[in-house]
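Novice: Got a structure here, written out as structure tokens. Questions coming.
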Amino acid sequence: MAKVRPYDSKDRNDVRRVCLETSGLPIKSEKDRKYLFYMYNDYYTDFEPESCFVLADNNDVAQGYILCAKDCSSYAENMAKFYLPRILQLGHKYYFMAKYEILIHGFYRKKYPAHLHIDISPSFQGKGGGTALVNALKAHLKENGIEAVMLSAGEGNKGAIAFYKKNGFKTVGEILGSRIMACEL
């Protein structure tokens, strides 16, 4: 039986593994891997580990996670300072993809200051772990006075969109094939 617990630095490689195995992006090179980690893992686990939770199996190995930036403005500043220079070294394509992703959060950050990423290994999906992760994060954000959280999902990712709706998220916008969903806490 899987359980939700706070992220610990020992989970870093397992969280990255889950990110790779669940990514909808084509991962064809080391640059692709680095981009994926910089954008969807490293900021959160490096700067806001207290806002990250994992779904751990019976051996206490992370098989899923929910990662969160509590304040999109601080996120944008830290990404610009620490990660965008690294991403630019990967190439302009990666840099512009990263800037686009950060920009999306910026459009909605006044009303929905926090944003999240969630992924679960396929063999652990559909067993309630995702809802448990969302509930743990919602409780954490409420305790910290955060009133709303958002995310972006690919318009074609119907399973994820249904999951988010089931967990209280509503569509608040659409930008270039991404559906922006948010939940007020």
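Naming scheme: A, B, ... for chains in displayed order of the structure tokens; residues 1 onward per chain; ligands 1 onward as shown.
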What's around range 16-21 of chain A at 8 Å? Count only C-alpha atoms, leave out sequence neighbours fewer than 2 positions away in its own chain, and write the answer as a PyMOL selection string.
Specialist: chain A and resi 12-14+23+27+33+36-37+40-41+63-64+119-121
Novice: Compile the contact shell of Arg179 in chain A as a PyMOL selection string: residues with an atom at most 9 Å away, counting only C-alpha atoms, same-chain residues fewer than 4 positions apart removed.
Specialist: chain A and resi 151-155+161+171-175
Novice: Those same residues, written as a PDB file, in the first residue's frame with N, CA, C and O atoms?
Specialist:
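Written file, result-v2.pdb:
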```pdb
ATOM      1  N   LEU A 151      -2.455  24.920 -12.353  1.00  0.00           N
ATOM      2  CA  LEU A 151      -1.601  24.017 -13.108  1.00  0.00           C
ATOM      3  C   LEU A 151      -1.932  24.178 -14.579  1.00  0.00           C
ATOM      4  O   LEU A 151      -2.959  24.767 -14.931  1.00  0.00           O
ATOM      5  N   SER A 152      -1.072  23.660 -15.429  1.00  0.00           N
ATOM      6  CA  SER A 152      -1.401  23.612 -16.851  1.00  0.00           C
ATOM      7  C   SER A 152      -1.369  22.156 -17.288  1.00  0.00           C
ATOM      8  O   SER A 152      -0.535  21.372 -16.829  1.00  0.00           O
ATOM      9  N   ALA A 153      -2.297  21.805 -18.141  1.00  0.00           N
ATOM     10  CA  ALA A 153      -2.397  20.446 -18.668  1.00  0.00           C
ATOM     11  C   ALA A 153      -2.553  20.540 -20.179  1.00  0.00           C
ATOM     12  O   ALA A 153      -3.244  21.443 -20.678  1.00  0.00           O
ATOM     13  N   GLY A 154      -1.945  19.630 -20.880  1.00  0.00           N
ATOM     14  CA  GLY A 154      -2.116  19.585 -22.327  1.00  0.00           C
ATOM     15  C   GLY A 154      -3.580  19.354 -22.655  1.00  0.00           C
ATOM     16  O   GLY A 154      -4.244  18.520 -22.023  1.00  0.00           O
ATOM     17  N   GLU A 155      -4.083  20.088 -23.619  1.00  0.00           N
ATOM     18  CA  GLU A 155      -5.498  19.993 -23.994  1.00  0.00           C
ATOM     19  C   GLU A 155      -5.894  18.559 -24.349  1.00  0.00           C
ATOM     20  O   GLU A 155      -7.014  18.147 -24.094  1.00  0.00           O
ATOM     21  N   ILE A 161      -7.052  15.801 -17.178  1.00  0.00           N
ATOM     22  CA  ILE A 161      -8.077  16.835 -17.007  1.00  0.00           C
ATOM     23  C   ILE A 161      -9.234  16.299 -16.176  1.00  0.00           C
ATOM     24  O   ILE A 161      -9.719  16.980 -15.267  1.00  0.00           O
ATOM     25  N   THR A 171     -11.354  24.777 -15.174  1.00  0.00           N
ATOM     26  CA  THR A 171     -10.646  25.445 -16.259  1.00  0.00           C
ATOM     27  C   THR A 171     -10.825  26.951 -16.109  1.00  0.00           C
ATOM     28  O   THR A 171     -11.952  27.438 -15.970  1.00  0.00           O
ATOM     29  N   VAL A 172      -9.702  27.677 -16.127  1.00  0.00           N
ATOM     30  CA  VAL A 172      -9.746  29.143 -16.001  1.00  0.00           C
ATOM     31  C   VAL A 172      -9.184  29.826 -17.245  1.00  0.00           C
ATOM     32  O   VAL A 172      -9.254  31.046 -17.361  1.00  0.00           O
ATOM     33  N   GLY A 173      -8.632  29.047 -18.164  1.00  0.00           N
ATOM     34  CA  GLY A 173      -8.106  29.627 -19.388  1.00  0.00           C
ATOM     35  C   GLY A 173      -7.477  28.572 -20.274  1.00  0.00           C
ATOM     36  O   GLY A 173      -7.295  27.424 -19.873  1.00  0.00           O
ATOM     37  N   GLU A 174      -7.188  28.996 -21.501  1.00  0.00           N
ATOM     38  CA  GLU A 174      -6.502  28.135 -22.457  1.00  0.00           C
ATOM     39  C   GLU A 174      -5.472  28.976 -23.186  1.00  0.00           C
ATOM     40  O   GLU A 174      -5.762  30.102 -23.580  1.00  0.00           O
ATOM     41  N   ILE A 175      -4.273  28.432 -23.312  1.00  0.00           N
ATOM     42  CA  ILE A 175      -3.194  29.124 -24.008  1.00  0.00           C
ATOM     43  C   ILE A 175      -2.463  28.116 -24.884  1.00  0.00           C
ATOM     44  O   ILE A 175      -1.873  27.161 -24.368  1.00  0.00           O
TER      45      ILE A 175
END
```
Novice: Identify, on the basis of only C-alpha atoms, every residue whose closest approach to range 66-74 of chain A does not exceed 9 Å; exclude the query and any residue fewer than 6 positions from it along the same chain; express the result as a PyMOL selection string.
Specialist: chain A and resi 7+40-41+43-45+47-55+102+105-106+108-110+112-120+130+133-134+137+141+144+146+149
Novice: Figure out the distance between CA of Ala160 in chain A and CA of Ala182 in chain A, please, to one decimal in Å.
Specialist: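 CA of Ala182 in chain A sits 13.3 Å away from CA of Ala160 in chain A.
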